[in-house]
Every structure is written in C-alpha cells, then in structure tokens.
Amino acid sequence: MPEQTTHDWTTLSVGLVLTAKREILAEDIAAFGELVGDQGQHHLPGAERTMAHGLLTASLATRIGGELDFIARRMGWEFLRPVWEGDTITAEVTVRSLREARSGTGVEFDIVILNQDGEAVLRGECSGVIRHDPEPGSAPGSAPTAATGTATGAAPDPVGH
C-alpha cells in the first residue's frame with residue numbers, strides 16, 4: 001500500500017517537503033497501460049524487466065496534490081532514469097512558493113522522485129491553486145491564505161494511507 005504524509009493547505013509553508021512512497025507492481029504497469037492505451041513493448045510483461053510508464057511514476061506526486069485538493073494548472077517533467085517493476089519510489093514535493101489567489105492559495109512545487117537506491121528518476125515542477133471555502137463571515141469571493149515562511153526540514157516520516 002502506498003505511504004503518504006498527511007497535510008492540508010493550512011499546514012503548508014515555503015520549503016516544506018511532502019512525501020509519498022510506493023512499490024511499482026506489474027499490475028500497476030498493466031492497468032496504467034490499459035487505461036492510457038500505451039502498450040509499448042518495454043511496458044509489457046515478458047521482457048527481463050518491465051519498465052513503468054513515465055507518467056505512472058509522475059502520478060505518485062499527484063497523490064500529494066490530491067490530498068491537498070490541489071488543482072494543477074501547469075506541470076513539467078524531466079524523466080532521468082527508468083523505473084522498473086518491483087522498484088520502490090518516493091516522491092519529494094517541496095513547496096517553492098505560496099500566494100493569495102482569487103480562488104484560494106496559489107502554490108508552486110518542485111518535485112523529485114527517487115528510486116529505492118536514492119537515485120533521482122524524475123524531476124519536475126508544478127503550479128496551480130488549492131481552492132478552499134471562505135471562512136464563516138468572510139465576504140463572498142474572499143478566501144483565507146496559507147501561512148508563509150520557511151520550513152527547515154522535511155515532513156514527518158510517511159504513514160500508511
């Protein structure tokens with residue numbers, strides 16, 4: 001089962017590192033390939049090792065975004081190394097900036113995904129917004145913003161999710 005830290009938009013600060021971890025299984029690769037229609041030979045069982053789809057690897061970072069109710073507006077990825085069936089990958093998503101936005105809190109993230117050997121397999125960045133309901137009594141269209149500042153360390157160890 002994937003591991004993930006627990007955060008919501010109110011706990012974010014610039015420099016905070018959020019993490020999620022999972023093992024890539026043959027079933028994950030097959031299901032992703034079926035879903036997106038990518039049946040390239042390198043993604044199919046039968047080879048010595050089955051390579052995970054790059055966007056399957058990147059999707060680990062989107063688990064963190066989902067927990068935050070983050071709506072991505074822009075994503076960019078650099079695929080550095082293949083991820084293989086049986087690899088355990090960890091997404092480290094660092095809050096680069098926070099700002100007030102009309103619809104909530106604007107956020108920019110830096111992303112690195114590491115394999116079980118600590119090697120970066122993917123780097124990326126993402127920006128978007130975390131929408132949240134106005135506080136009771138606030139004017140329509142106004143929304144609270146997350147605290148800004150810097151975090152000196154990573155988030156607590158991941159817990160089962």
# chains A, B, ... in the order shown; residues from 1 in each chain; ligands from 1

$ select_by_dssp --residues "stretch 36-144 of chain A" --states "strand (DSSP E or B)" --output "PyMOL selection string"
chain A and resi 45+47+51+70-79+84+88-101+104-114+120-131

$ atom_distance --atom1 "atom CA of A:Ala52" --atom2 "atom CA of A:Leu68"
25.5 Å

$ atom_distance --atom1 "atom CA of A:Gln116" --atom2 "atom CA of A:Ala58"
15.5 Å

$ closest_residue --among "A:Thr10, A:Ser97, A:Thr88, A:Ser127" --to "A:Arg74" --atoms "only C-alpha atoms"
A:Ser127

$ closest_residue --among "A:Glu85, A:Val112, A:Gly46, A:Glu78" --to "A:Thr19" --atoms "only C-alpha atoms"
A:Val112

$ closest_residue --among "A:Ile71, A:Gly86, A:Leu12, A:Ala101" --to "A:Glu27" --atoms "only C-alpha atoms"
A:Gly86

$ residues_around --residues "stretch 62-64 of chain A" --least-positions-apart "6" --cutoff "8 Å" --atoms "only C-alpha atoms" --output "list in words"
Gln4, Leu18, Thr19, Ala20 and Val93 of chain A

$ write_last_selection --atoms "C-alpha atoms" --output "compact mmCIF listing (two decimals), in the first residue's frame"
# COMPACT_ATOMS: atom_id res chain seq x y z
CA GLN A 4 1.96 9.24 2.33
CA LEU A 18 5.83 16.46 1.48
CA THR A 19 6.47 12.80 0.67
CA ALA A 20 4.67 9.76 -0.68
CA VAL A 93 7.34 17.55 -3.23

$ select_by_dssp --residues "stretch 4-92 of chain A" --states "helix (DSSP H, G or I)" --output "PyMOL selection string"
chain A and resi 9-11+26-36+41-43+54-68

$ residues_around --residues "A:Gly65" --least-positions-apart "6" --cutoff "12 Å" --atoms "only C-alpha atoms" --output "number ranges by chain"
A: 4-9, 18-20, 58-59, 71-73, 75, 91-95, 107-109, 111, 126-131

$ write_last_selection --atoms "N, CA and C atoms" --output "PDB file, in the first residue's frame"
ATOM      1  N   GLN A   4       2.103   7.821   2.595  1.00  0.00           N
ATOM      2  CA  GLN A   4       1.957   9.242   2.329  1.00  0.00           C
ATOM      3  C   GLN A   4       1.888   9.998   3.646  1.00  0.00           C
ATOM      4  N   THR A   5       2.418  11.208   3.645  1.00  0.00           N
ATOM      5  CA  THR A   5       2.263  12.074   4.806  1.00  0.00           C
ATOM      6  C   THR A   5       0.853  12.646   4.794  1.00  0.00           C
ATOM      7  N   THR A   6       0.454  13.252   5.881  1.00  0.00           N
ATOM      8  CA  THR A   6      -0.868  13.862   5.950  1.00  0.00           C
ATOM      9  C   THR A   6      -0.705  15.364   6.106  1.00  0.00           C
ATOM     10  N   HIS A   7      -1.204  16.106   5.140  1.00  0.00           N
ATOM     11  CA  HIS A   7      -1.145  17.569   5.169  1.00  0.00           C
ATOM     12  C   HIS A   7      -2.404  18.117   4.545  1.00  0.00           C
ATOM     13  N   ASP A   8      -2.761  19.326   4.918  1.00  0.00           N
ATOM     14  CA  ASP A   8      -3.778  20.066   4.196  1.00  0.00           C
ATOM     15  C   ASP A   8      -3.205  21.457   3.946  1.00  0.00           C
ATOM     16  N   TRP A   9      -3.939  22.283   3.210  1.00  0.00           N
ATOM     17  CA  TRP A   9      -3.380  23.567   2.790  1.00  0.00           C
ATOM     18  C   TRP A   9      -2.981  24.458   3.956  1.00  0.00           C
ATOM     19  N   LEU A  18       6.864  17.461   1.296  1.00  0.00           N
ATOM     20  CA  LEU A  18       5.829  16.455   1.484  1.00  0.00           C
ATOM     21  C   LEU A  18       6.271  15.197   0.738  1.00  0.00           C
ATOM     22  N   THR A  19       6.000  14.024   1.291  1.00  0.00           N
ATOM     23  CA  THR A  19       6.468  12.797   0.667  1.00  0.00           C
ATOM     24  C   THR A  19       5.349  11.778   0.513  1.00  0.00           C
ATOM     25  N   ALA A  20       5.526  10.930  -0.481  1.00  0.00           N
ATOM     26  CA  ALA A  20       4.671   9.763  -0.685  1.00  0.00           C
ATOM     27  C   ALA A  20       5.569   8.665  -1.241  1.00  0.00           C
ATOM     28  N   ALA A  58       5.285   9.644 -12.408  1.00  0.00           N
ATOM     29  CA  ALA A  58       4.945  11.023 -12.036  1.00  0.00           C
ATOM     30  C   ALA A  58       3.664  11.085 -11.214  1.00  0.00           C
ATOM     31  N   SER A  59       2.778  10.123 -11.424  1.00  0.00           N
ATOM     32  CA  SER A  59       1.486  10.173 -10.724  1.00  0.00           C
ATOM     33  C   SER A  59       1.627  10.056  -9.209  1.00  0.00           C
ATOM     34  N   ILE A  71      -5.324  21.885  -7.583  1.00  0.00           N
ATOM     35  CA  ILE A  71      -5.711  21.850  -8.991  1.00  0.00           C
ATOM     36  C   ILE A  71      -4.522  22.368  -9.787  1.00  0.00           C
ATOM     37  N   ALA A  72      -3.883  21.482 -10.520  1.00  0.00           N
ATOM     38  CA  ALA A  72      -2.697  21.859 -11.292  1.00  0.00           C
ATOM     39  C   ALA A  72      -3.106  22.676 -12.511  1.00  0.00           C
ATOM     40  N   ARG A  73      -2.330  23.687 -12.765  1.00  0.00           N
ATOM     41  CA  ARG A  73      -2.520  24.490 -13.982  1.00  0.00           C
ATOM     42  C   ARG A  73      -1.353  24.303 -14.944  1.00  0.00           C
ATOM     43  N   MET A  75       2.371  21.701 -15.411  1.00  0.00           N
ATOM     44  CA  MET A  75       3.304  20.674 -14.934  1.00  0.00           C
ATOM     45  C   MET A  75       4.416  20.517 -15.964  1.00  0.00           C
ATOM     46  N   ALA A  91       8.243  10.127  -3.765  1.00  0.00           N
ATOM     47  CA  ALA A  91       8.085  11.493  -4.273  1.00  0.00           C
ATOM     48  C   ALA A  91       8.398  12.459  -3.146  1.00  0.00           C
ATOM     49  N   GLU A  92       9.247  13.425  -3.427  1.00  0.00           N
ATOM     50  CA  GLU A  92       9.531  14.532  -2.516  1.00  0.00           C
ATOM     51  C   GLU A  92       9.042  15.801  -3.196  1.00  0.00           C
ATOM     52  N   VAL A  93       7.996  16.381  -2.650  1.00  0.00           N
ATOM     53  CA  VAL A  93       7.343  17.549  -3.230  1.00  0.00           C
ATOM     54  C   VAL A  93       7.597  18.727  -2.290  1.00  0.00           C
ATOM     55  N   THR A  94       8.361  19.695  -2.769  1.00  0.00           N
ATOM     56  CA  THR A  94       8.766  20.837  -1.950  1.00  0.00           C
ATOM     57  C   THR A  94       7.955  22.073  -2.334  1.00  0.00           C
ATOM     58  N   VAL A  95       7.397  22.736  -1.332  1.00  0.00           N
ATOM     59  CA  VAL A  95       6.649  23.972  -1.565  1.00  0.00           C
ATOM     60  C   VAL A  95       7.661  25.065  -1.901  1.00  0.00           C
ATOM     61  N   VAL A 107       0.011  27.931  -5.441  1.00  0.00           N
ATOM     62  CA  VAL A 107       1.146  27.159  -4.951  1.00  0.00           C
ATOM     63  C   VAL A 107       2.046  26.773  -6.128  1.00  0.00           C
ATOM     64  N   GLU A 108       3.356  26.807  -5.893  1.00  0.00           N
ATOM     65  CA  GLU A 108       4.337  26.248  -6.824  1.00  0.00           C
ATOM     66  C   GLU A 108       5.113  25.183  -6.074  1.00  0.00           C
ATOM     67  N   PHE A 109       5.300  24.030  -6.718  1.00  0.00           N
ATOM     68  CA  PHE A 109       6.029  22.908  -6.133  1.00  0.00           C
ATOM     69  C   PHE A 109       7.229  22.545  -6.992  1.00  0.00           C
ATOM     70  N   ILE A 111       9.530  19.095  -7.595  1.00  0.00           N
ATOM     71  CA  ILE A 111       9.285  17.672  -7.390  1.00  0.00           C
ATOM     72  C   ILE A 111      10.514  16.875  -7.788  1.00  0.00           C
ATOM     73  N   CYS A 126       5.516  22.122 -10.717  1.00  0.00           N
ATOM     74  CA  CYS A 126       4.083  22.200 -10.911  1.00  0.00           C
ATOM     75  C   CYS A 126       3.572  23.469 -10.243  1.00  0.00           C
ATOM     76  N   SER A 127       2.579  24.087 -10.847  1.00  0.00           N
ATOM     77  CA  SER A 127       1.938  25.231 -10.216  1.00  0.00           C
ATOM     78  C   SER A 127       0.434  25.126 -10.400  1.00  0.00           C
ATOM     79  N   GLY A 128      -0.279  25.729  -9.481  1.00  0.00           N
ATOM     80  CA  GLY A 128      -1.729  25.694  -9.538  1.00  0.00           C
ATOM     81  C   GLY A 128      -2.317  26.348  -8.311  1.00  0.00           C
ATOM     82  N   VAL A 129      -3.487  25.885  -7.934  1.00  0.00           N
ATOM     83  CA  VAL A 129      -4.209  26.522  -6.842  1.00  0.00           C
ATOM     84  C   VAL A 129      -4.847  25.463  -5.946  1.00  0.00           C
ATOM     85  N   ILE A 130      -4.893  25.770  -4.677  1.00  0.00           N
ATOM     86  CA  ILE A 130      -5.651  24.970  -3.718  1.00  0.00           C
ATOM     87  C   ILE A 130      -6.882  25.788  -3.384  1.00  0.00           C
ATOM     88  N   ARG A 131      -8.023  25.301  -3.837  1.00  0.00           N
ATOM     89  CA  ARG A 131      -9.278  26.002  -3.554  1.00  0.00           C
ATOM     90  C   ARG A 131      -9.743  25.625  -2.165  1.00  0.00           C
TER      91      ARG A 131
END
